[in-house]
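Inspection log for the structure reproduced underneath, given as C-alpha cells.
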Amino acid sequence: MVRLYTDDLSIGYGERLIVKDLSVQIPDQQITTIIGPNGCGKSTLLKAITRIISHQSGSIVLDGKSVTKENTKQLAKKMAILPQTPESAAGLTVGELVSYGRFPYQTGFGRLTTKDYEVIDWALQVTGTLDFKYFPVDALSGGQRQRVWIAMALAQETEIIFLDEPTTYLDMAHQLEVLELLQKLNKEEKRTIVMVLHDLNQAARFADNIIALKAGQIVKAGSCEEVISKEVLRDVFQIDAEIGVDPRTKKPMCITYNLLKGE
Amino acid sequence: MKSSIRFSIKFIIGLLLLFAIFIIAMIFGAAETSLQDVWNALFSNLKNDQINILREIRFPREIGAVVVGAALAVSGAIMQGITRNPLADPGLLGLTSGANAALAVTLAFFPMVNYFGITIACFIGAAIGAIMVFSIGAMKKGGFSPLRIVLAGAAVSAFLYAIADGVGIYFKISKNVNMWTAGGLIGTNWSQLSIIIPFVCIGTLIALLLSRQLTILSLNEEVAVGLGQKTTLIKTILFIVIILLAGASVALVGNMAFIGLMVPHIVRAIVGTDYRAIIPMSVIAGAILMLVADTLGRTINIPFETPVAAIIAIMGLPFFLLVVRKGGGAFQ
C-alpha cells in the first residue's frame with residue numbers, strides 16, 4: 001500500500017509543459033531521490049506534489065485524497081517541504097524559526113503549548129542544533145543553517161518530508177552531515193523522505209529508490225541498482241559512465257564518466 | 001515566554017512616550033496655551049478661547065497625526081512583509097499617488113462630494129495605483145525584485161501625479177486639489193476623523209489578527225504554503241488592509257512619504273522580526289513620529305506652518321539612503 005502517488009500528472013506554465021503525464025509512487029518509510037539534468041522538472045515535480053505550484057492535469061493522491069482538495073493546514077501535518085535555499089531568516093533566533101514549524105497545529109494568535117515546546121526542543125536535539133537555540137539564524141554556518149531549516153520541517157511532525165537540493169552550497173563534510181541526518185530520521189523515526197539531489201553517488205548511497213527524470217518524464221524509477229546503470233545514465237545525462245560498487249556501502253557508484261560524443 | 005515580557009515592557013514604554021509627546025504637542029502651537037489649559041480642555045467642562053482652540057483645532061489635529069502616523073506605519077510594515085522588500089512604502093508603491101489622482105478626478109467631476117465620498121475615492125485610487133505598480137513589477141518572469149518594484153512605483157507615481165496635476169489645471173481646481181493633497185493636517189476636524197478613524201481601526205485590527213500569518217509569509221512564500229497557510233487569501237486580505245490604511249491617510253493628509261518606509265525599520269531594530277510585535281509597535285512609533293513632525297511644523301516658524309510632508313521628507317531622506325546602503329538590514 002502506497003500512501004502517496006501521482007497519476008498522469010502534467011505540470012506547466014501556459015502552453016509549455018514541464019512535466020508530462022507522470023505517474024509515480026512514493027514508497028512509504030523509504031528515502032526516494034529524484035535525479036535528472038537541469039531543467040528536467042525535478043523541482044517542479046516536488047513543488048507540485050507539495051501543492052506549492054498547481055498542476056494542469058492528472059492527480060496527486062495522498063491517503064486516498066487529492067492533495068489539491070485536501071485542507072492545506074491538514075496537509076501541512078502530513079507533509080513538510082524544505083524549499084531550495086530559503087532566504088535567511090534575518091533577525092530570528094534558531095528557536096523562533098523552528099517554532100514556526102508548529103504553525104499547522106496552532107489557531108488564532110499562536111501561543112505555543114507545552115507540547116509545542118517539547119516538539120521544538122526535540123527537533124533541535126535530533127538535528128544537533130539545540131546548542132544554538134538562542135543564536136540568530138544568520139550567525140550560523142551554511143551547514144548549521146540547513147540543519148535548522150530541517151529542524152523546522154521536523155517540528156511539523158509530518159510523516160513525509162520533501163527537500164529540494166538540501167546539500168546545495170555546502171562543502172563535502174556538511175553535505176554528508178545533512179544526508180546522514182536524513183538517513184537517521186528515516187531509520188529511527190520512520191519518516192518518508194523525498195529529495196532532489198544533483199550528486200548521483202550521494203543519491204545512490206542514501207536512497208532506497210531513485211526516480212530518474214528527463215524532459216519531464218520518467219526514464220527509470222526503482223532501486224539504486226536499477227537506476228544507476230550505464231544505460232539509464234546514458235539516456236538521462238548523455239554521459240558514458242563507468243559503474244562500480246562502493247567498497248564501503250556496496251551501493252552502485254559512478255566511478256568516472258565522459259560526455260557522449262557524436263550523437 | 002521571556003521575549004513576550006520584554007515586548008510588553010517596550011510596548012508600555014512606547015505608550016507612555018506617546019502619551020507624553022501627545023501632551024507636549026497639545027501645549028505648543030501658534031496660540032499660547034499652558035498645561036493647565038490642556039488639562040481643562042481634556043478633562044473639564046470649562047470654556048474659554050484657549051480651551052476652545054485646543055478642543056476644536058489642536059486636539060483633532062493631533063488625533064489626526066496619531067491616526068495617520070499609525071496607519072501609514074502599519075501599511076508600510078505589511079507591504080515590506082508581503083513583498084519582502086525593504087523599500088516598500090505606500091508612497092513609493094503607487095498608493096499615495098493613485099489616491100491623489102482619484103481625489104483630483106473626484107473634485108473635478110463631483111465638486112459637491114462630501115468627505116465620505118472623498119475617502120472612498122481615495123481607497124479606489126490607492127487600489128488602482130498599487131495594482132498598476134504590482135502588475136508592471138510582475139510582468140517579467142521572476143516576480144517582484146525589490147528594484148523592479150521601486151522603479152515601477154516611481155514611474156507609475158510620476159504618471160498618476162501628472163494626471164492629478166493635469167486634471168487640476170484643466171478643470172481650474174488646482175488650488176482646491178492642492179489644499180487636499182498638500183494641506184497636511186491643517187484643518188483636520190472631528191467630522192473628518194469620525195469617518196477616517198473607523199477605517200484605520202478596522203485595518204489595524206485585521207493587521208494585528210493576521211500578524212503571525214504575515215511573519216510566516218515574510219520568511220518565504222514556499223515555506224508559508226508548506227506550513228499550511230492559505231497564502232493567496234492572506235495576501236488578498238492584507239492588500240485590502242493596506243489600501244484602507246493608505247487611502248484613509250491620503251484622504252486626511254494628502255501626500256506623506258517615508259513614514260511607512262522608516263517606521264517599520266526603526267521598529268524592527270527595537271522588537272525584532274516577528275510581526276506580532278512589529279505591527280503594534282509600528283502603531284505607536286508611527287504616531288509618535290507624526291506627532292513630532294507636526295509639532296515641529298507648527299512651531300519652527302510661528303505663526304506660519306511648515307509643511308509636515310517637508311519635515312518628514314527631510315528626516316526620511318537620510319534614512320532612505322541608509323536603508324539602501326545597508327541593504328535593508330533585516331532583509332539580508
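Quick note on naming: the chains in the C-alpha cells go A, B, ... in the order shown, residues restart at 1 in each chain, and ligands are numbered from 1 in order of appearance.
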*Quick one: pick out all helix (DSSP H, G or I) residues within region 30-207 of chain A from a backbone DSSP run and write them as a ChimeraX atom specification.*
/A:42-49,72-75,94-105,114-126,130-132,137-139,142-155,172-189,200-206
*Write out as a PyMOL selection string every residue belonging to chain B that has an atom at most 6 Å from any atom of chain A, counting only C-alpha atoms.*
chain B and resi 226-228+272-273+330
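Take the candidates B:Ser211, B:Ser34, B:Ser97, B:Gln229 and check each one against Ala162 (chain B) using only C-alpha atoms; the shortest distance goes to B:Ser97.
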*Mind checking which residues fall within 9 Å of Asn52 (chain B), counting only C-alpha atoms, ignoring those fewer than 5 positions away in the same chain, and posting them as a ChimeraX atom specification?*
/B:41,47,57
So that I have them on file, write out the residues from the current selection with C-alpha atoms, as a JSON list (two decimals), in the first residue's frame.
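The file below, result_3.json, is the result:
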```
[["chain", "number", "residue", "atom", "x", "y", "z"],
["B", 41, "ALA", "CA", -9.71, 71.14, 27.64],
["B", 47, "LYS", "CA", -14.83, 77.12, 28.29],
["B", 57, "ILE", "CA", -8.40, 72.82, 16.39]]
```
Counting only C-alpha atoms, what is within 10 Å of Val67 (chain A), bar same-chain residues fewer than 2 positions away, as a short mmCIF file (atom, residue, chain, number, x, y, z; two decimals) with C-alpha atoms, in the first residue's frame?
```cif
data_model
loop_
_atom_site.label_atom_id
_atom_site.label_comp_id
_atom_site.auth_asym_id
_atom_site.auth_seq_id
_atom_site.Cartn_x
_atom_site.Cartn_y
_atom_site.Cartn_z
CA LEU A 4 1.41 8.95 -1.98
CA THR A 6 0.78 10.77 -8.85
CA ALA A 48 3.54 20.32 -7.48
CA ILE A 49 3.35 17.32 -5.15
CA THR A 50 3.63 19.66 -2.17
CA ARG A 51 0.90 21.97 -3.69
CA SER A 59 -3.78 13.96 -9.91
CA ILE A 60 -1.65 13.75 -6.81
CA VAL A 61 -3.10 11.45 -4.19
CA LEU A 62 -2.18 11.20 -0.53
CA ASP A 63 -4.05 8.70 1.67
CA GLY A 64 -6.69 8.29 -0.99
CA LYS A 65 -7.42 12.01 -1.24
CA LYS A 69 -8.71 19.14 -2.47
CA GLU A 70 -7.30 18.50 0.99
CA ASN A 71 -7.34 21.32 3.56
CA THR A 72 -3.90 22.91 3.30
CA LEU A 75 -1.84 18.60 4.63
#
```
*Contacts of Cys201 (chain B) at 10 Å or less, counting only C-alpha atoms, minus same-chain residues fewer than 5 places along, as a ChimeraX atom specification?*
/B:67,70-71,196,206-207,244-245
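Neighbouring residues of Asp171 (chain A) at 10 Å or closer, counting only C-alpha atoms and skipping chain neighbours under 6 positions away, are Gly142, Gly143 and Glu177 of chain A.
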*Tell me, as a VMD selection string, which residues lie within 12 Å of Asn38 (chain A), counting only C-alpha atoms; anything in the same chain fewer than 6 positions away does not count.*
chain A and resid 18 44 196 to 198 213 to 216 236 to 237
Take the selection from the previous step and output its residues with C-alpha atoms, as a CSV table (one decimal), in the first residue's frame.
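As a result, result02.csv now contains:
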```csv
chain,number,residue,atom,x,y,z
A,18,ILE,CA,7.4,20.9,-17.9
A,44,THR,CA,8.7,21.4,-10.5
A,196,VAL,CA,16.1,16.2,-5.2
A,197,LEU,CA,19.8,15.6,-5.4
A,198,HIS,CA,22.4,16.5,-8.0
A,213,LEU,CA,13.7,12.2,-14.9
A,214,LYS,CA,14.4,13.6,-18.3
A,215,ALA,CA,12.4,16.3,-20.1
A,216,GLY,CA,9.5,15.9,-17.6
A,236,VAL,CA,19.3,10.7,-18.8
A,237,PHE,CA,22.5,12.7,-18.7
```
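Pairwise distance (CA of Val167 (chain B), CA of Ala104 (chain B)) equals 6.4 Å.
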*Using backbone DSSP assignments, extract all strand (DSSP E) residues from region 27-260 of chain A; output them as a ChimeraX atom specification.*
/A:31-35,57-62,65-66,79-82,160-164,192-196,209-214,217-222,239-245,252-259
*Identify which of the residues B:Leu217, B:Val68, B:Val177, B:Ala138 lies closest to Thr106 (chain B), counting only C-alpha atoms when measuring atom-to-atom distances.*
B:Val177
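Shortest atom-to-atom contact with Asp164 (chain A) among B:Val267, B:Ser194, B:Ala277, B:Glu222: B:Glu222, counting only C-alpha atoms.
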_Computed interatomic separation between CA of Ala203 (chain A) and CA of Cys254 (chain A) (Å)_ = 10.8 Å
